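Chemist: Sharing input.cif below, mmCIF, C-alpha atoms:
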data_target
#
loop_
_atom_site.label_atom_id
_atom_site.label_comp_id
_atom_site.auth_asym_id
_atom_site.auth_seq_id
_atom_site.Cartn_x
_atom_site.Cartn_y
_atom_site.Cartn_z
CA MET A 318 19.93 -119.77 -28.20
CA ASP A 319 16.70 -118.25 -26.94
CA SER A 320 13.23 -119.79 -27.01
CA ASN A 321 12.38 -118.38 -30.45
CA ARG A 322 15.35 -120.20 -31.99
CA PHE A 323 14.37 -123.42 -30.26
CA LYS A 324 10.86 -123.03 -31.69
CA LEU A 325 12.35 -122.63 -35.17
CA LEU A 326 14.42 -125.79 -34.66
CA LEU A 327 11.35 -127.71 -33.47
CA LEU A 328 9.34 -126.43 -36.44
CA GLY A 329 12.09 -127.40 -38.87
CA GLY A 330 12.31 -130.84 -37.28
CA ALA A 331 8.52 -131.26 -37.36
CA ILE A 332 8.41 -130.41 -41.07
CA ARG A 333 11.10 -132.98 -41.82
CA LEU A 334 9.42 -135.61 -39.66
CA TYR A 335 6.05 -135.07 -41.32
CA PHE A 336 7.36 -135.36 -44.88
CA SER A 337 9.55 -138.34 -43.97
CA GLN A 338 6.35 -140.28 -43.26
CA THR A 339 4.82 -139.50 -46.66
CA SER A 340 5.36 -140.93 -50.14
CA LEU A 341 7.47 -137.88 -50.93
CA ALA A 342 10.37 -139.39 -48.97
CA SER A 343 10.71 -142.43 -51.26
CA LEU A 344 10.22 -140.21 -54.32
CA ILE A 345 13.06 -137.89 -53.30
CA GLY A 346 15.25 -140.86 -52.42
CA ASN A 347 15.05 -141.94 -56.07
CA ARG A 348 15.48 -138.52 -57.70
CA VAL A 349 18.83 -138.03 -59.43
CA GLU A 350 18.87 -134.39 -58.34
CA PHE A 351 19.18 -135.48 -54.70
CA ALA A 352 20.40 -139.09 -54.69
CA THR A 353 23.73 -139.80 -56.40
CA PRO A 354 25.86 -142.97 -56.47
CA LEU A 355 27.76 -141.54 -53.51
CA ASN A 356 24.95 -140.48 -51.17
CA SER A 357 22.07 -142.81 -52.08
CA PHE A 358 20.37 -144.48 -49.13
CA LYS A 359 19.67 -147.64 -51.14
CA ARG A 360 23.38 -148.09 -51.83
CA LEU A 361 24.11 -147.49 -48.16
CA GLN A 362 21.64 -150.25 -47.23
CA GLU A 363 23.28 -152.59 -49.71
CA GLY A 364 26.71 -151.83 -48.29
CA VAL A 365 25.59 -152.54 -44.72
CA PHE A 366 23.96 -155.82 -45.77
CA LEU A 367 27.07 -156.99 -47.63
CA LEU A 368 29.28 -156.01 -44.69
CA GLN A 369 27.10 -158.03 -42.30
CA GLN A 370 27.26 -161.04 -44.62
CA GLY A 371 31.04 -160.94 -44.65
CA VAL A 372 31.20 -159.85 -48.31
CA ASP A 373 33.48 -157.00 -49.37
CA PRO A 374 31.03 -154.19 -50.32
CA TYR A 375 33.65 -152.66 -52.61
CA SER A 376 34.25 -155.76 -54.73
CA GLY A 377 31.48 -154.60 -57.06
CA ASP A 378 30.53 -151.15 -58.30
CA LEU A 379 27.52 -150.37 -56.14
CA VAL A 380 28.74 -149.19 -52.71
CA HIS A 381 30.92 -146.10 -52.37
CA GLU A 382 30.39 -144.99 -48.78
CA SER A 383 33.14 -144.93 -46.16
CA PRO A 384 33.63 -148.21 -44.20
CA LEU A 385 33.54 -146.24 -40.94
CA LEU A 386 30.09 -144.92 -41.77
CA LEU A 387 28.86 -148.33 -42.93
CA LYS A 388 30.01 -149.83 -39.63
CA ALA A 389 28.51 -147.01 -37.58
CA LEU A 390 25.07 -147.30 -39.21
CA SER A 391 24.96 -151.10 -39.47
CA TYR A 392 23.50 -151.62 -35.99
CA ILE A 393 20.73 -149.07 -36.52
CA LEU A 394 19.84 -150.32 -39.99
CA ILE A 395 19.64 -153.95 -38.87
CA ASN A 396 18.01 -153.59 -35.44
CA CYS A 397 15.99 -150.39 -35.47
CA ALA A 398 15.71 -149.06 -39.01
CA GLN A 399 12.49 -147.20 -38.14
CA VAL A 400 14.42 -144.63 -36.10
CA LEU A 401 16.83 -143.84 -38.94
CA PRO A 402 14.75 -140.88 -40.24
CA LEU A 403 14.92 -139.42 -36.73
CA LEU A 404 18.71 -139.76 -36.79
CA TYR A 405 18.94 -137.91 -40.09
CA ILE A 406 16.64 -135.19 -38.78
CA LEU A 407 18.78 -134.89 -35.66
CA PHE A 408 21.91 -134.47 -37.77
CA ASP A 409 20.18 -131.80 -39.84
CA LEU A 410 19.06 -129.90 -36.75
CA CYS A 411 22.60 -130.13 -35.34
CA THR A 412 23.87 -128.67 -38.62
CA ALA A 413 21.44 -125.76 -38.32
CA THR A 414 22.50 -125.21 -34.71
CA LEU A 415 26.21 -125.17 -35.63
CA LEU A 416 25.54 -122.69 -38.43
CA TYR A 417 23.63 -120.47 -36.00
CA LEU A 418 26.43 -120.59 -33.42
CA LEU A 419 29.19 -119.94 -35.97
CA SER A 420 27.19 -116.99 -37.35
CA ASN A 421 26.85 -115.54 -33.88
CA THR A 422 30.57 -115.89 -33.23
CA PHE A 423 31.45 -114.56 -36.68
CA VAL A 424 29.44 -111.35 -36.20
CA LYS A 425 31.00 -110.74 -32.78
CA GLN A 426 34.47 -111.16 -34.29
CA LYS A 427 33.60 -108.76 -37.09
CA LEU A 428 32.40 -106.14 -34.61
CA GLN A 429 35.61 -106.54 -32.63
CA GLN A 430 37.66 -106.22 -35.80
CA GLN A 431 35.80 -103.08 -36.83
CA LYS A 432 36.61 -101.39 -33.54
CA GLY A 433 40.28 -101.44 -34.47
CA GLU A 434 39.72 -100.39 -38.08
CA CYS A 435 36.85 -97.90 -37.85
CA LYS A 436 39.20 -94.89 -37.76
CA GLU A 437 40.33 -95.78 -41.27
CA TYR A 438 36.81 -96.12 -42.66
CA ALA A 439 35.24 -93.38 -44.78
CA LYS A 440 32.48 -91.27 -43.22
CA ASP A 441 29.52 -92.46 -45.31
CA THR A 442 30.01 -96.19 -44.79
CA GLU A 443 27.86 -96.91 -41.73
CA GLU A 444 25.46 -99.11 -43.71
CA LEU A 445 28.40 -101.24 -44.91
CA GLN A 446 29.61 -101.96 -41.39
CA TYR A 447 28.37 -104.71 -39.09
CA ASN A 448 26.36 -103.39 -36.15
CA ASP A 449 24.79 -104.67 -32.95
CA GLU A 450 21.54 -105.61 -34.72
CA ASP A 451 23.49 -108.10 -36.80
CA LYS A 452 24.20 -110.13 -33.65
CA SER A 453 20.64 -111.42 -33.79
CA THR A 454 19.61 -110.76 -37.40
CA ILE A 455 22.38 -112.60 -39.28
CA PRO A 456 22.34 -115.80 -37.15
CA GLU A 457 18.57 -115.94 -37.44
CA LEU A 458 18.72 -115.52 -41.23
CA VAL A 459 21.29 -118.31 -41.45
CA LEU A 460 19.12 -120.55 -39.29
CA LEU A 461 16.04 -119.85 -41.39
CA ALA A 462 17.96 -120.30 -44.64
CA TYR A 463 19.03 -123.80 -43.64
CA LEU A 464 16.00 -125.06 -41.73
CA PHE A 465 13.36 -124.02 -44.27
CA ASN A 466 15.21 -124.34 -47.54
CA PRO A 467 13.31 -126.91 -49.65
CA LEU A 468 16.63 -128.27 -50.93
CA THR A 469 17.91 -129.17 -47.45
CA ILE A 470 14.51 -130.43 -46.31
CA MET A 471 14.15 -132.80 -49.27
CA SER A 472 17.74 -133.94 -48.97
CA CYS A 473 17.02 -134.89 -45.36
CA ILE A 474 13.74 -136.72 -45.94
CA GLY A 475 15.34 -138.61 -48.86
CA LEU A 476 17.87 -140.00 -46.34
CA THR A 477 20.85 -138.98 -48.44
CA SER A 478 24.26 -139.01 -46.76
CA THR A 479 24.62 -135.38 -47.86
CA VAL A 480 22.98 -134.67 -44.49
CA LEU A 481 26.07 -136.06 -42.76
CA SER A 482 28.40 -134.19 -45.14
CA ASN A 483 26.62 -130.93 -44.34
CA PHE A 484 26.95 -131.64 -40.62
CA LEU A 485 30.69 -132.28 -40.94
CA LEU A 486 31.22 -129.14 -43.04
CA ALA A 487 29.28 -127.08 -40.50
CA LEU A 488 31.44 -128.56 -37.73
CA ILE A 489 34.60 -127.63 -39.65
CA LEU A 490 33.42 -124.04 -40.13
CA TYR A 491 32.29 -123.76 -36.50
CA SER A 492 35.67 -125.04 -35.30
CA MET A 493 37.36 -122.49 -37.55
CA VAL A 494 35.56 -119.49 -36.07
CA LYS A 495 36.07 -120.85 -32.55
CA ARG A 496 39.82 -121.29 -33.30
CA GLN A 497 39.77 -125.03 -32.53
CA LEU A 498 42.49 -126.24 -34.88
CA LEU A 499 42.66 -129.94 -33.96
CA ILE A 500 38.92 -130.53 -34.29
CA SER A 501 38.89 -128.74 -37.66
CA ILE A 502 41.74 -130.86 -39.02
CA VAL A 503 40.42 -134.21 -37.79
CA VAL A 504 36.90 -133.62 -39.13
CA LEU A 505 38.31 -132.28 -42.41
CA ALA A 506 40.49 -135.38 -42.75
CA PHE A 507 37.50 -137.67 -42.20
CA GLU A 508 35.41 -135.83 -44.80
CA THR A 509 38.33 -135.75 -47.25
CA VAL A 510 38.84 -139.50 -47.07
CA ARG A 511 35.09 -139.86 -47.50
CA SER A 512 34.44 -137.54 -50.45
CA LEU A 513 37.80 -136.18 -51.70
CA TYR A 514 36.91 -132.59 -52.59
CA PRO A 515 36.83 -131.02 -49.09
CA PHE A 516 40.65 -131.23 -48.90
CA VAL A 517 40.72 -127.72 -50.46
CA LEU A 518 39.43 -126.36 -47.13
CA ILE A 519 42.91 -126.84 -45.73
CA ALA A 520 43.72 -123.48 -47.40
CA PRO A 521 41.39 -121.35 -45.19
CA LEU A 522 42.55 -123.34 -42.15
CA ILE A 523 46.18 -122.50 -42.89
CA LEU A 524 45.35 -118.85 -43.56
CA LEU A 525 43.45 -118.60 -40.29
CA PHE A 526 45.82 -120.43 -37.96
CA ALA A 527 49.28 -120.02 -39.52
CA ARG A 528 49.10 -116.20 -39.76
CA ARG A 529 51.94 -115.86 -42.32
CA SER A 530 54.12 -118.33 -40.42
CA ILE A 531 55.51 -120.81 -42.95
CA PRO A 532 56.66 -123.34 -40.29
CA MET A 533 53.19 -123.24 -38.74
CA ALA A 534 51.57 -123.69 -42.17
CA ILE A 535 53.77 -126.72 -42.86
CA ALA A 536 52.95 -128.15 -39.43
CA ILE A 537 49.19 -127.75 -40.02
CA PHE A 538 49.48 -129.40 -43.42
CA MET A 539 51.48 -132.31 -41.99
CA ILE A 540 48.95 -132.81 -39.19
CA PHE A 541 46.21 -132.86 -41.82
CA VAL A 542 48.04 -135.45 -43.95
CA THR A 543 48.73 -137.57 -40.85
CA SER A 544 45.06 -137.38 -39.89
CA CYS A 545 44.05 -138.50 -43.39
CA PHE A 546 46.35 -141.51 -43.09
CA ALA A 547 44.91 -142.26 -39.64
CA VAL A 548 41.34 -142.20 -40.96
CA ALA A 549 42.38 -144.36 -43.92
CA GLY A 550 44.02 -146.77 -41.47
CA ALA A 551 40.85 -146.94 -39.37
CA ASN A 552 38.88 -147.82 -42.51
CA PHE A 553 41.46 -150.50 -43.31
CA LEU A 554 41.03 -152.06 -39.85
CA ILE A 555 37.31 -152.45 -40.52
CA MET A 556 37.69 -153.96 -43.99
CA ASN A 557 41.12 -155.60 -43.59
CA SER A 558 41.66 -154.53 -47.19
CA TRP A 559 42.58 -151.44 -49.17
CA ASN A 560 39.89 -152.12 -51.80
CA TYR A 561 37.70 -149.45 -50.28
CA LEU A 562 40.08 -146.71 -51.52
CA ASP A 563 39.31 -147.60 -55.13
CA GLY A 564 35.61 -147.96 -54.30
CA THR A 565 35.40 -144.52 -52.69
CA LEU A 566 38.12 -142.03 -53.70
CA GLY A 567 38.99 -143.92 -56.89
CA PHE A 568 35.34 -144.06 -57.89
CA ILE A 569 35.03 -140.29 -57.44
CA PHE A 570 38.25 -139.40 -59.26
CA TYR A 571 37.78 -141.75 -62.23
CA PHE A 572 34.04 -140.99 -62.53
CA ARG A 573 32.99 -144.54 -63.33
CA ASP A 574 29.21 -144.12 -63.00
CA LEU A 575 27.63 -142.00 -65.74
CA GLN A 576 24.26 -141.71 -64.00
CA PRO A 577 22.78 -138.26 -64.74
CA ASN A 578 22.90 -135.66 -61.97
CA ILE A 579 22.89 -131.88 -61.65
CA GLY A 580 26.62 -131.67 -62.42
CA LEU A 581 28.65 -131.26 -65.58
CA PHE A 582 30.61 -134.51 -65.71
CA TRP A 583 28.01 -137.07 -66.76
CA TYR A 584 26.96 -135.66 -70.14
CA PHE A 585 30.46 -134.73 -71.21
CA PHE A 586 31.94 -138.15 -70.44
CA THR A 587 28.98 -139.95 -72.01
CA GLU A 588 29.93 -138.29 -75.30
CA MET A 589 33.69 -138.57 -74.76
CA PHE A 590 35.91 -140.76 -76.95
CA GLU A 591 37.74 -143.21 -74.68
CA HIS A 592 41.26 -142.19 -75.76
CA PHE A 593 40.55 -138.57 -74.68
CA ARG A 594 39.01 -139.57 -71.35
CA THR A 595 42.13 -139.41 -69.15
CA MET A 596 43.14 -135.92 -70.26
CA PHE A 597 39.67 -134.43 -69.78
CA LEU A 598 39.17 -136.33 -66.53
CA ILE A 599 42.26 -134.67 -65.07
CA THR A 600 41.13 -131.31 -66.46
CA PHE A 601 37.66 -131.58 -64.92
CA GLN A 602 39.02 -132.73 -61.55
CA LEU A 603 41.56 -129.89 -61.45
CA ASN A 604 38.73 -127.48 -62.19
CA ALA A 605 36.77 -128.91 -59.26
CA THR A 606 39.68 -128.72 -56.81
CA VAL A 607 42.90 -126.71 -57.13
CA LEU A 608 42.32 -124.50 -60.19
CA TYR A 609 40.72 -121.66 -58.21
CA LEU A 610 42.42 -122.45 -54.90
CA VAL A 611 45.57 -120.32 -55.21
CA PRO A 612 44.04 -117.14 -56.73
CA LEU A 613 41.12 -117.17 -54.30
CA SER A 614 43.43 -117.83 -51.34
CA LEU A 615 45.58 -114.86 -52.32
CA LYS A 616 42.62 -112.54 -52.80
CA LEU A 617 40.68 -113.65 -49.70
CA ARG A 618 43.65 -114.22 -47.39
CA LYS A 619 42.12 -111.83 -44.83
CA GLU A 620 38.69 -113.53 -44.99
CA PRO A 621 39.19 -117.28 -44.38
CA LEU A 622 35.50 -117.92 -43.77
CA LEU A 623 34.50 -116.26 -47.04
CA LEU A 624 37.18 -118.31 -48.79
CA ALA A 625 35.76 -121.48 -47.24
CA THR A 626 32.23 -120.48 -48.30
CA VAL A 627 33.29 -119.87 -51.90
CA LEU A 628 35.28 -123.12 -52.06
CA ILE A 629 32.28 -125.08 -50.73
CA ALA A 630 30.08 -123.41 -53.35
CA LEU A 631 32.53 -124.24 -56.13
CA MET A 632 32.63 -127.85 -54.92
CA ALA A 633 28.84 -127.98 -55.17
CA VAL A 634 29.03 -126.81 -58.79
CA PHE A 635 32.03 -128.69 -60.20
CA ARG A 636 32.32 -131.94 -58.21
CA ALA A 637 31.75 -135.23 -60.00
CA TYR A 638 28.52 -136.20 -58.21
CA PRO A 639 26.83 -133.05 -56.86
CA SER A 640 23.35 -132.94 -55.38
CA LEU A 641 20.88 -130.22 -54.49
CA GLY A 642 21.62 -130.84 -50.82
CA ASP A 643 25.14 -129.48 -51.40
CA VAL A 644 23.65 -126.34 -52.94
CA GLY A 645 21.27 -125.83 -50.03
CA PHE A 646 24.16 -125.86 -47.56
CA TYR A 647 26.19 -123.03 -49.08
CA LEU A 648 23.04 -120.97 -49.74
CA ALA A 649 22.50 -120.96 -45.96
CA LEU A 650 25.90 -119.28 -45.51
CA LEU A 651 25.08 -116.27 -47.70
CA PRO A 652 23.47 -114.20 -44.88
CA LEU A 653 26.92 -114.06 -43.24
CA TRP A 654 27.82 -111.56 -45.96
CA ARG A 655 24.69 -109.49 -45.57
CA ARG A 656 26.73 -106.27 -45.64
CA CYS A 657 27.81 -107.15 -49.19
CA TRP A 658 24.25 -107.55 -50.48
CA LYS A 659 24.04 -103.87 -51.41
CA PHE A 660 26.56 -104.51 -54.19
CA MET A 661 25.14 -107.79 -55.47
CA ALA A 662 23.67 -106.92 -58.85
CA HIS A 663 22.43 -110.28 -60.14
CA GLY A 664 20.02 -111.32 -57.41
CA PHE A 665 16.95 -111.42 -59.63
CA VAL A 666 18.81 -113.16 -62.45
CA VAL A 667 20.11 -115.85 -60.10
CA PHE A 668 16.67 -116.34 -58.53
CA ALA A 669 15.11 -116.69 -61.99
CA PHE A 670 17.80 -119.17 -63.03
CA PHE A 671 17.22 -121.28 -59.90
CA LEU A 672 13.42 -121.21 -60.07
CA ILE A 673 13.12 -121.98 -63.78
CA THR A 674 15.87 -124.60 -64.03
CA LEU A 675 14.77 -126.49 -60.92
CA SER A 676 11.26 -126.63 -62.35
CA LEU A 677 12.47 -127.75 -65.76
CA MET A 678 14.71 -130.51 -64.40
CA GLY A 679 11.75 -132.56 -63.21
CA ALA A 680 9.77 -131.91 -66.39
CA PHE A 681 12.64 -132.78 -68.74
CA TRP A 682 13.52 -135.90 -66.77
CA HIS A 683 9.95 -137.14 -67.13
CA LEU A 684 9.89 -136.34 -70.84
CA TRP A 685 13.22 -138.09 -71.36
CA ILE A 686 12.91 -141.21 -69.19
CA TYR A 687 9.16 -141.87 -69.01
CA ALA A 688 7.43 -140.17 -71.95
CA GLY A 689 10.27 -140.78 -74.41
CA SER A 690 9.55 -137.48 -76.15
CA ALA A 691 12.84 -135.78 -75.19
CA ASN A 692 16.49 -136.77 -74.87
CA ALA A 693 19.52 -136.19 -72.64
CA ASN A 694 20.17 -132.78 -74.23
CA PHE A 695 17.00 -131.37 -72.67
CA TYR A 696 17.91 -132.47 -69.15
CA PHE A 697 21.56 -131.48 -69.47
CA GLY A 698 20.50 -128.06 -70.77
CA ALA A 699 18.52 -127.48 -67.56
CA THR A 700 21.39 -128.65 -65.32
CA LEU A 701 23.90 -126.55 -67.29
CA ALA A 702 21.72 -123.46 -66.86
CA PHE A 703 21.43 -124.25 -63.14
CA SER A 704 25.22 -124.45 -62.83
CA THR A 705 25.49 -121.16 -64.72
CA GLY A 706 23.14 -119.53 -62.23
CA GLN A 707 25.34 -120.76 -59.38
CA ILE A 708 28.44 -119.29 -61.04
CA PHE A 709 26.62 -115.97 -61.40
CA LEU A 710 25.85 -116.09 -57.67
CA ILE A 711 29.42 -116.93 -56.63
CA THR A 712 31.05 -114.27 -58.82
CA ASP A 713 28.44 -111.72 -57.71
CA LEU A 714 29.29 -112.41 -54.06
CA LEU A 715 33.03 -112.13 -54.71
CA PHE A 716 32.75 -108.86 -56.58
CA ALA A 717 30.34 -107.48 -53.97
CA HIS A 718 32.95 -108.22 -51.31
CA VAL A 719 35.63 -106.41 -53.33
CA LYS A 720 33.32 -103.40 -53.80
CA ARG A 721 32.47 -103.28 -50.10
CA GLU A 722 36.14 -103.39 -49.08
CA PHE A 723 36.93 -100.59 -51.50
CA CYS A 724 34.02 -98.40 -50.39
CA LEU A 725 34.77 -98.89 -46.70
CA TYR A 726 38.09 -97.06 -47.09
CA ASN A 727 37.29 -94.75 -49.99
CA GLY A 728 33.64 -93.89 -49.44
CA GLN A 729 30.57 -94.82 -51.40
CA LYS A 730 30.56 -91.63 -53.46
CA ILE A 731 33.75 -90.89 -55.35
CA MET A 732 33.75 -87.78 -57.53
CA ILE A 733 35.83 -87.60 -60.70
CA ASP A 734 35.68 -84.36 -62.69
CA GLY A 735 32.55 -83.37 -60.81
CA GLU A 736 30.71 -86.60 -61.59
CA GLU A 737 30.06 -89.60 -59.39
CA ALA A 738 32.33 -92.53 -60.35
CA ARG A 739 31.15 -96.10 -60.82
CA ILE A 740 33.06 -99.26 -59.91
CA LEU A 741 33.18 -101.58 -62.90
CA LEU A 742 34.54 -105.11 -63.26
CA GLU A 743 36.96 -105.31 -66.18
#
Reformat the file's structure so that it appears as structure tokens.
Modeler:
Amino acid sequence: MDSNRFKLLLLGGAIRLYFSQTSLASLIGNRVEFATPLNSFKRLQEGVFLLQQGVDPYSGDLVHESPLLLKALSYILINCAQVLPLLYILFDLCTATLLYLLSNTFVKQKLQQQKGECKEYAKDTEELQYNDEDKSTIPELVLLAYLFNPLTIMSCIGLTSTVLSNFLLALILYSMVKRQLLISIVVLAFETVRSLYPFVLIAPLILLFARRSIPMAIAIFMIFVTSCFAVAGANFLIMNSWNYLDGTLGFIFYFRDLQPNIGLFWYFFTEMFEHFRTMFLITFQLNATVLYLVPLSLKLRKEPLLLATVLIALMAVFRAYPSLGDVGFYLALLPLWRRCWKFMAHGFVVFAFFLITLSLMGAFWHLWIYAGSANANFYFGATLAFSTGQIFLITDLLFAHVKREFCLYNGQKIMIDGEEARILLE
């Protein structure tokens, strides 16, 4: 990284440090759009205190963080809590650095790949191909998109554990592009035991490292499962009890806390009759995990990083307790697919969805909770529209990738009966 990138990192860190010292930090830490039952700093504090007092934090229904993380942060929280914002900022800057480095490596790999395929490309496709300028442009765009995204900044100053999740996801992706299998699997296992949904990222890992070798794919999967058991065992050694599994993974799967958030679960299960709950719970969890895994893995088998990006985005939309920090992370990955932007048709629509719904969430929450002049339907309507905007963005990216792949080999202008053809999604 050159001096300009270091200056951007310092500026991003300075912005986070400044706002962490203002009243905005405590405000964000209490906002349901950023703080969920899983990532709330207040619940983390409670868990550390109970652990220090010799009380099982998972005997109640308040703490849902991993025992390893509670143990790791207990010393800092008890002895030097004032430096905790600096630790969160450091994690966020490390995430930005990893994203920059993986972008740099990704572009170099794409350029190398194009050298072997360029003879098969159509003549008028230069603008669709990665070039030497992308070596600096794309990593810088990724860095800017993460460092100065208001969603990631506010998630950091609110001291949500989404900051750590983003760091671990960035480390997984970086290890993928650097072909470091063991690191990828171990970090993925830790994050899976922590928050369940990332287990779907085993699919891009298998596609990348197995290379159509079934024995290798089975071996990777078995190493992943073994790593998950090892992490679970390490958590058990800290607690000397398996209660934490129900307090973490069980809490996520059974969706026991109906606190409003930007997701789809809370409103639906508030209105749900109890005898239908199990069926719809399984349906919603399948939708958030494996429903799209097989078709996307088949379609994007040659693009493991794009598959990982889309799966992370779908997790941010459909998981039980999403936050805006999850959204900010996958938005920072979009510049990697800059050569697909030409075919993305819904950019303005998505931007309008994001801008309007994010503005309305705060207004409707105030009207509902404080003014008493609205109800849950108003707030859920805003979050539902926000999720719809994200789906538009994800499908737009996927179809843009398909269009780019088609045009690379067939040309951008295809004539049928003397007229230029158009590629339509049917």
Chemist: Would you pick out the contacts of Leu403 (chain A) at 10 Å or less, using only C-alpha atoms, so that residues sharing its chain but fewer than 4 positions from it are not included, and give the list as a PDB file with C-alpha atoms, keeping the file's coordinate frame?
Modeler:
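Wrote it out as out-v8.pdb, contents follow:
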ATOM      1  CA  GLY A 330      12.310-130.840 -37.280  1.00  0.00           C
ATOM      2  CA  ARG A 333      11.100-132.980 -41.820  1.00  0.00           C
ATOM      3  CA  LEU A 334       9.420-135.610 -39.660  1.00  0.00           C
ATOM      4  CA  SER A 337       9.550-138.340 -43.970  1.00  0.00           C
ATOM      5  CA  ALA A 398      15.710-149.060 -39.010  1.00  0.00           C
ATOM      6  CA  GLN A 399      12.490-147.200 -38.140  1.00  0.00           C
ATOM      7  CA  LEU A 407      18.780-134.890 -35.660  1.00  0.00           C
ATOM      8  CA  PHE A 408      21.910-134.470 -37.770  1.00  0.00           C
ATOM      9  CA  ASP A 409      20.180-131.800 -39.840  1.00  0.00           C
ATOM     10  CA  CYS A 473      17.020-134.890 -45.360  1.00  0.00           C
ATOM     11  CA  ILE A 474      13.740-136.720 -45.940  1.00  0.00           C
TER      12      ILE A 474
END
Chemist: Taking the file as shown, find all residues satisfying the PyMOL selection byres ((chain A and resi 575-582) around 10) and write them as a count of residues only.
Modeler: 40
Chemist: Rank nothing, just name the residue among A:Leu486, A:Leu481, A:Leu367, A:Ile519 nearest to Met539 (chain A), using all atoms listed in the file.
Modeler: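 That would be A:Ile519, the residue with the smallest distance to Met539 (chain A).
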Chemist: Can you work out which one of A:Gln446, A:Ser420, A:Asn356, A:Asn552 has the shortest atom-to-atom distance to Ser492 (chain A), counting only C-alpha atoms?
Modeler: A:Ser420
Chemist: Mind telling me what the PyMOL selection byres ((chain A and resi 653) around 12) catches here, as an MDAnalysis selection string?
Modeler: chainID A and resid 416:425 427 447 451:460 462 620 622:623 626 647:652 654:658 714 718
Chemist: Of the candidates A:Glu382, A:Asp713, A:Glu434, A:Asp373, which shows the shortest atom-to-atom distance to Leu361 (chain A), using only C-alpha atoms?
Modeler: A:Glu382
Chemist: Return the single residue from A:Leu327, A:Ile395, A:Leu513, A:Leu554 that is closest to Gln369 (chain A), with distances computed using all atoms listed in the file.
Modeler: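 Closest to Gln369 (chain A) of all the choices is A:Ile395.
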Chemist: Identify all residues satisfying the PyMOL selection byres ((chain A and resi 329) around 12) in the given file; provide them as a PDB file with C-alpha atoms, keeping the file's coordinate frame.
Modeler:
ATOM      1  CA  ARG A 322      15.350-120.200 -31.990  1.00  0.00           C
ATOM      2  CA  PHE A 323      14.370-123.420 -30.260  1.00  0.00           C
ATOM      3  CA  LYS A 324      10.860-123.030 -31.690  1.00  0.00           C
ATOM      4  CA  LEU A 325      12.350-122.630 -35.170  1.00  0.00           C
ATOM      5  CA  LEU A 326      14.420-125.790 -34.660  1.00  0.00           C
ATOM      6  CA  LEU A 327      11.350-127.710 -33.470  1.00  0.00           C
ATOM      7  CA  LEU A 328       9.340-126.430 -36.440  1.00  0.00           C
ATOM      8  CA  GLY A 330      12.310-130.840 -37.280  1.00  0.00           C
ATOM      9  CA  ALA A 331       8.520-131.260 -37.360  1.00  0.00           C
ATOM     10  CA  ILE A 332       8.410-130.410 -41.070  1.00  0.00           C
ATOM     11  CA  ARG A 333      11.100-132.980 -41.820  1.00  0.00           C
ATOM     12  CA  LEU A 334       9.420-135.610 -39.660  1.00  0.00           C
ATOM     13  CA  TYR A 335       6.050-135.070 -41.320  1.00  0.00           C
ATOM     14  CA  PHE A 336       7.360-135.360 -44.880  1.00  0.00           C
ATOM     15  CA  ILE A 406      16.640-135.190 -38.780  1.00  0.00           C
ATOM     16  CA  LEU A 407      18.780-134.890 -35.660  1.00  0.00           C
ATOM     17  CA  ASP A 409      20.180-131.800 -39.840  1.00  0.00           C
ATOM     18  CA  LEU A 410      19.060-129.900 -36.750  1.00  0.00           C
ATOM     19  CA  CYS A 411      22.600-130.130 -35.340  1.00  0.00           C
ATOM     20  CA  THR A 412      23.870-128.670 -38.620  1.00  0.00           C
ATOM     21  CA  ALA A 413      21.440-125.760 -38.320  1.00  0.00           C
ATOM     22  CA  THR A 414      22.500-125.210 -34.710  1.00  0.00           C
ATOM     23  CA  LEU A 460      19.120-120.550 -39.290  1.00  0.00           C
ATOM     24  CA  LEU A 461      16.040-119.850 -41.390  1.00  0.00           C
ATOM     25  CA  ALA A 462      17.960-120.300 -44.640  1.00  0.00           C
ATOM     26  CA  TYR A 463      19.030-123.800 -43.640  1.00  0.00           C
ATOM     27  CA  LEU A 464      16.000-125.060 -41.730  1.00  0.00           C
ATOM     28  CA  PHE A 465      13.360-124.020 -44.270  1.00  0.00           C
ATOM     29  CA  ASN A 466      15.210-124.340 -47.540  1.00  0.00           C
ATOM     30  CA  PRO A 467      13.310-126.910 -49.650  1.00  0.00           C
ATOM     31  CA  THR A 469      17.910-129.170 -47.450  1.00  0.00           C
ATOM     32  CA  ILE A 470      14.510-130.430 -46.310  1.00  0.00           C
ATOM     33  CA  MET A 471      14.150-132.800 -49.270  1.00  0.00           C
ATOM     34  CA  CYS A 473      17.020-134.890 -45.360  1.00  0.00           C
ATOM     35  CA  ILE A 474      13.740-136.720 -45.940  1.00  0.00           C
TER      36      ILE A 474
END
Chemist: Which one is closest to Pro374 (chain A): A:Gln362, A:Asn694, A:Gln430, A:Ser530? Count all atoms listed in the file.
Modeler: A:Gln362
Chemist: If you count all atoms listed in the file, which residues fall within 12 Å of Trp559 (chain A), apart from same-chain ones fewer than 3 positions away, as a ChimeraX atom specification?
Modeler: /A:373-376,383-384,549-556,562-567
Chemist: Could you check how far CA of Ala717 (chain A) sits from CA of Lys659 (chain A), in Å to one decimal?
Modeler: 7.7 Å
Chemist: For the atom pair CA of Phe646 (chain A) and CA of Leu485 (chain A), what is the interatomic distance in Å to one decimal place?
Modeler: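 Distance between the two atoms: 11.3 Å.
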Chemist: For a test of reading the model, state the distance in Å between CA of Val365 (chain A) and CA of Leu387 (chain A), rounded to one decimal.
Modeler: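 These atoms are spaced 5.6 Å apart.
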